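J.: My file is entry_22.cif. It has mmCIF, C-alpha atoms:
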```cif
data_entry
loop_
_atom_site.group_PDB
_atom_site.id
_atom_site.type_symbol
_atom_site.label_atom_id
_atom_site.label_comp_id
_atom_site.auth_asym_id
_atom_site.auth_seq_id
_atom_site.Cartn_x
_atom_site.Cartn_y
_atom_site.Cartn_z
ATOM 1 C CA PHE A 577 15.369 7.755 17.851
ATOM 2 C CA ILE A 578 14.625 4.029 17.881
ATOM 3 C CA SER A 579 11.568 4.475 20.125
ATOM 4 C CA ARG A 580 10.221 7.272 17.908
ATOM 5 C CA SER A 581 10.829 5.156 14.787
ATOM 6 C CA ILE A 582 9.020 2.148 16.228
ATOM 7 C CA LYS A 583 6.081 4.296 17.326
ATOM 8 C CA HIS A 584 5.919 5.988 13.906
ATOM 9 C CA ASN A 585 6.032 2.663 12.025
ATOM 10 C CA ILE A 586 3.353 1.038 14.190
ATOM 11 C CA THR A 587 1.096 4.104 13.970
ATOM 12 C CA TYR A 588 1.325 4.490 10.196
ATOM 13 C CA ALA A 589 1.334 0.771 9.402
ATOM 14 C CA THR A 590 -1.916 0.472 11.370
ATOM 15 C CA LYS A 591 -3.457 3.521 9.642
ATOM 16 C CA LEU A 592 -2.424 2.250 6.222
ATOM 17 C CA LYS A 593 -3.666 -1.277 6.938
ATOM 18 C CA TYR A 594 -7.174 -0.085 7.865
ATOM 19 C CA PHE A 595 -7.241 2.497 5.080
ATOM 20 C CA LEU A 596 -6.477 -0.200 2.496
ATOM 21 C CA LEU A 597 -9.045 -2.602 3.923
ATOM 22 C CA LYS A 598 -11.751 -0.167 2.745
ATOM 23 C CA TYR A 599 -10.577 -0.949 -0.790
ATOM 24 C CA ASP A 600 -10.394 -4.726 -0.293
ATOM 25 C CA ILE A 601 -6.593 -4.663 -0.130
ATOM 26 C CA THR A 602 -5.552 -6.798 2.827
ATOM 27 C CA SER A 603 -2.148 -7.112 4.490
ATOM 28 C CA ASN A 604 -0.120 -8.866 7.143
ATOM 29 C CA GLU A 605 -0.364 -8.034 10.824
ATOM 30 C CA VAL A 606 1.510 -4.894 11.825
ATOM 31 C CA SER A 607 4.878 -6.042 13.170
ATOM 32 C CA ALA A 608 7.580 -4.417 11.035
ATOM 33 C CA ASN A 609 8.340 -1.371 8.918
ATOM 34 C CA PHE A 610 6.422 -2.724 5.922
ATOM 35 C CA LEU A 611 3.099 -4.212 4.869
ATOM 36 C CA LEU A 612 2.659 -7.028 2.382
ATOM 37 C CA LEU A 613 -0.346 -5.867 0.368
ATOM 38 C CA ASN A 614 -2.625 -8.614 -0.909
ATOM 39 C CA PHE A 615 -4.798 -7.756 -3.925
ATOM 40 C CA ASP A 616 -6.628 -11.107 -4.177
ATOM 41 C CA LYS A 617 -9.962 -9.584 -3.037
ATOM 42 C CA CYS A 618 -9.481 -6.243 -4.797
ATOM 43 C CA LYS A 619 -11.083 -5.507 -8.174
ATOM 44 C CA PHE A 620 -7.643 -4.617 -9.530
ATOM 45 C CA LYS A 621 -4.395 -6.574 -9.673
ATOM 46 C CA ALA A 622 -1.201 -5.637 -7.844
ATOM 47 C CA LYS A 623 0.573 -5.101 -11.168
ATOM 48 C CA TYR A 624 -2.010 -2.479 -12.203
ATOM 49 C CA PHE A 625 -1.626 -0.592 -8.910
ATOM 50 C CA ASN A 626 2.151 -0.797 -9.091
ATOM 51 C CA GLU A 627 2.166 0.786 -12.562
ATOM 52 C CA LYS A 628 -0.229 3.559 -11.485
ATOM 53 C CA LEU A 629 1.773 4.262 -8.331
ATOM 54 C CA LYS A 630 5.047 4.380 -10.298
ATOM 55 C CA SER A 631 3.545 6.978 -12.631
ATOM 56 C CA LYS A 632 2.957 9.145 -9.534
ATOM 57 C CA GLY A 633 6.493 8.671 -8.201
ATOM 58 C CA ILE A 634 5.597 6.053 -5.589
ATOM 59 C CA LEU A 635 7.716 2.901 -5.703
ATOM 60 C CA LEU A 636 6.586 -0.355 -4.109
ATOM 61 C CA ARG A 637 8.379 -3.670 -4.369
ATOM 62 C CA SER A 638 6.739 -6.314 -6.514
ATOM 63 C CA THR A 639 6.893 -9.768 -4.963
ATOM 64 C CA GLU A 640 6.289 -11.586 -8.230
ATOM 65 C CA ASN A 641 9.801 -11.741 -9.688
ATOM 66 C CA GLY A 642 12.181 -12.188 -6.772
ATOM 67 C CA TYR A 643 9.866 -13.923 -4.319
ATOM 68 C CA LYS A 644 7.529 -15.717 -6.754
ATOM 69 C CA ILE A 645 4.494 -14.428 -4.806
ATOM 70 C CA LYS A 646 1.713 -13.346 -7.155
ATOM 71 C CA ASN A 647 -0.644 -10.391 -6.784
ATOM 72 C CA LYS A 648 1.136 -8.808 -3.800
ATOM 73 C CA LEU A 649 3.199 -5.655 -3.233
ATOM 74 C CA ARG A 650 5.564 -4.731 -0.393
ATOM 75 C CA LEU A 651 4.897 -1.263 1.024
ATOM 76 C CA THR A 652 7.617 0.175 3.245
ATOM 77 C CA ILE A 653 6.263 2.582 5.859
ATOM 78 C CA GLY A 654 7.551 6.033 4.942
ATOM 79 C CA SER A 655 7.484 9.470 6.457
ATOM 80 C CA LYS A 656 4.170 11.075 7.377
ATOM 81 C CA LYS A 657 4.259 13.063 4.125
ATOM 82 C CA GLU A 658 5.001 9.954 2.032
ATOM 83 C CA ASN A 659 2.272 7.907 3.714
ATOM 84 C CA LEU A 660 -0.330 10.631 3.196
ATOM 85 C CA LYS A 661 0.682 10.949 -0.467
ATOM 86 C CA PHE A 662 0.334 7.182 -0.900
ATOM 87 C CA MET A 663 -3.192 7.250 0.544
ATOM 88 C CA SER A 664 -4.134 10.209 -1.623
ATOM 89 C CA VAL A 665 -2.903 8.514 -4.787
ATOM 90 C CA ILE A 666 -4.761 5.289 -3.943
ATOM 91 C CA LYS A 667 -7.982 7.303 -3.546
ATOM 92 C CA GLU A 668 -7.281 9.060 -6.848
ATOM 93 C CA ILE A 669 -6.694 5.784 -8.719
ATOM 94 C CA LEU A 670 -9.895 4.227 -7.438
ATOM 95 C CA LYS A 671 -11.976 7.397 -7.769
ATOM 96 C CA ARG A 672 -11.038 7.603 -11.441
ATOM 97 C CA TRP A 673 -12.628 4.186 -11.935
ATOM 98 C CA LYS A 674 -15.553 5.059 -9.632
ATOM 99 C CA VAL A 675 -15.001 1.815 -7.773
ATOM 100 C CA PHE A 676 -15.550 3.231 -4.280
#
```
Before anything else, please render the file you have as structure tokens.
T.:
Amino acid sequence: FISRSIKHNITYATKLKYFLLKYDITSNEVSANFLLLNFDKCKFKAKYFNEKLKSKGILLRSTENGYKIKNKLRLTIGSKKENLKFMSVIKEILKRWKVF
């Protein structure tokens, strides 16, 4: 179970990291079961994305209140289904604004 979990987290964290780079959302190196998403280069702020994701039932942790880190979100690597939904919703949000 542990080996499968590690493999799953590394695989999806890597996929998500490179997927988000296309939208100018950077993150930490893949080394855990989460990514710290950095919106400093993105046209939109982390708070905006967090609100849009919440409206679609996707919950990310804001780093602003508890950690005092601005314009970042913590994304926990989920199941395959959850990760694919996250990517789909990100595309939908940005497509609506015809950014990419």
J.: Identify which of the residues A:Arg637, A:Lys632, A:Lys646, A:Lys671 lies closest to A:Glu658, counting all atoms listed in the file when measuring atom-to-atom distances.
T.: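 Ranking A:Arg637, A:Lys632, A:Lys646, A:Lys671 by distance to A:Glu658, first place goes to A:Lys632.
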J.: Apply the PyMOL selection byres ((chain A and resi 591-606) around 12) to the displayed file and report the matching residues as a ChimeraX atom specification.
T.: /A:582-590,607-622,625,647-654,656,658-667,669-671,674-676
J.: Could you please determine the separation between atom CA of A:Glu640 and atom CA of A:Lys623 in Å, to one decimal place?
T.: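 Between these atoms lies a distance of 9.1 Å.
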J.: Record the distance separating atom CA of A:Lys657 and atom CA of A:Lys628, expressed in Å with one decimal.
T.: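 Computing it gives 18.8 Å between the two atoms.
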J.: Tell me which of A:Leu636, A:Lys630, A:Ser655, A:Asn641 sits closest to A:Arg580, counting all atoms listed in the file.
T.: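 Comparing A:Leu636, A:Lys630, A:Ser655, A:Asn641 against A:Arg580, the winner is A:Ser655.
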J.: Between atom CA of A:Tyr624 and atom CA of A:Ile645, measure the distance and give it in Å to one decimal.
T.: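 Pair atom CA of A:Tyr624 / atom CA of A:Ile645 returns 15.5 Å.
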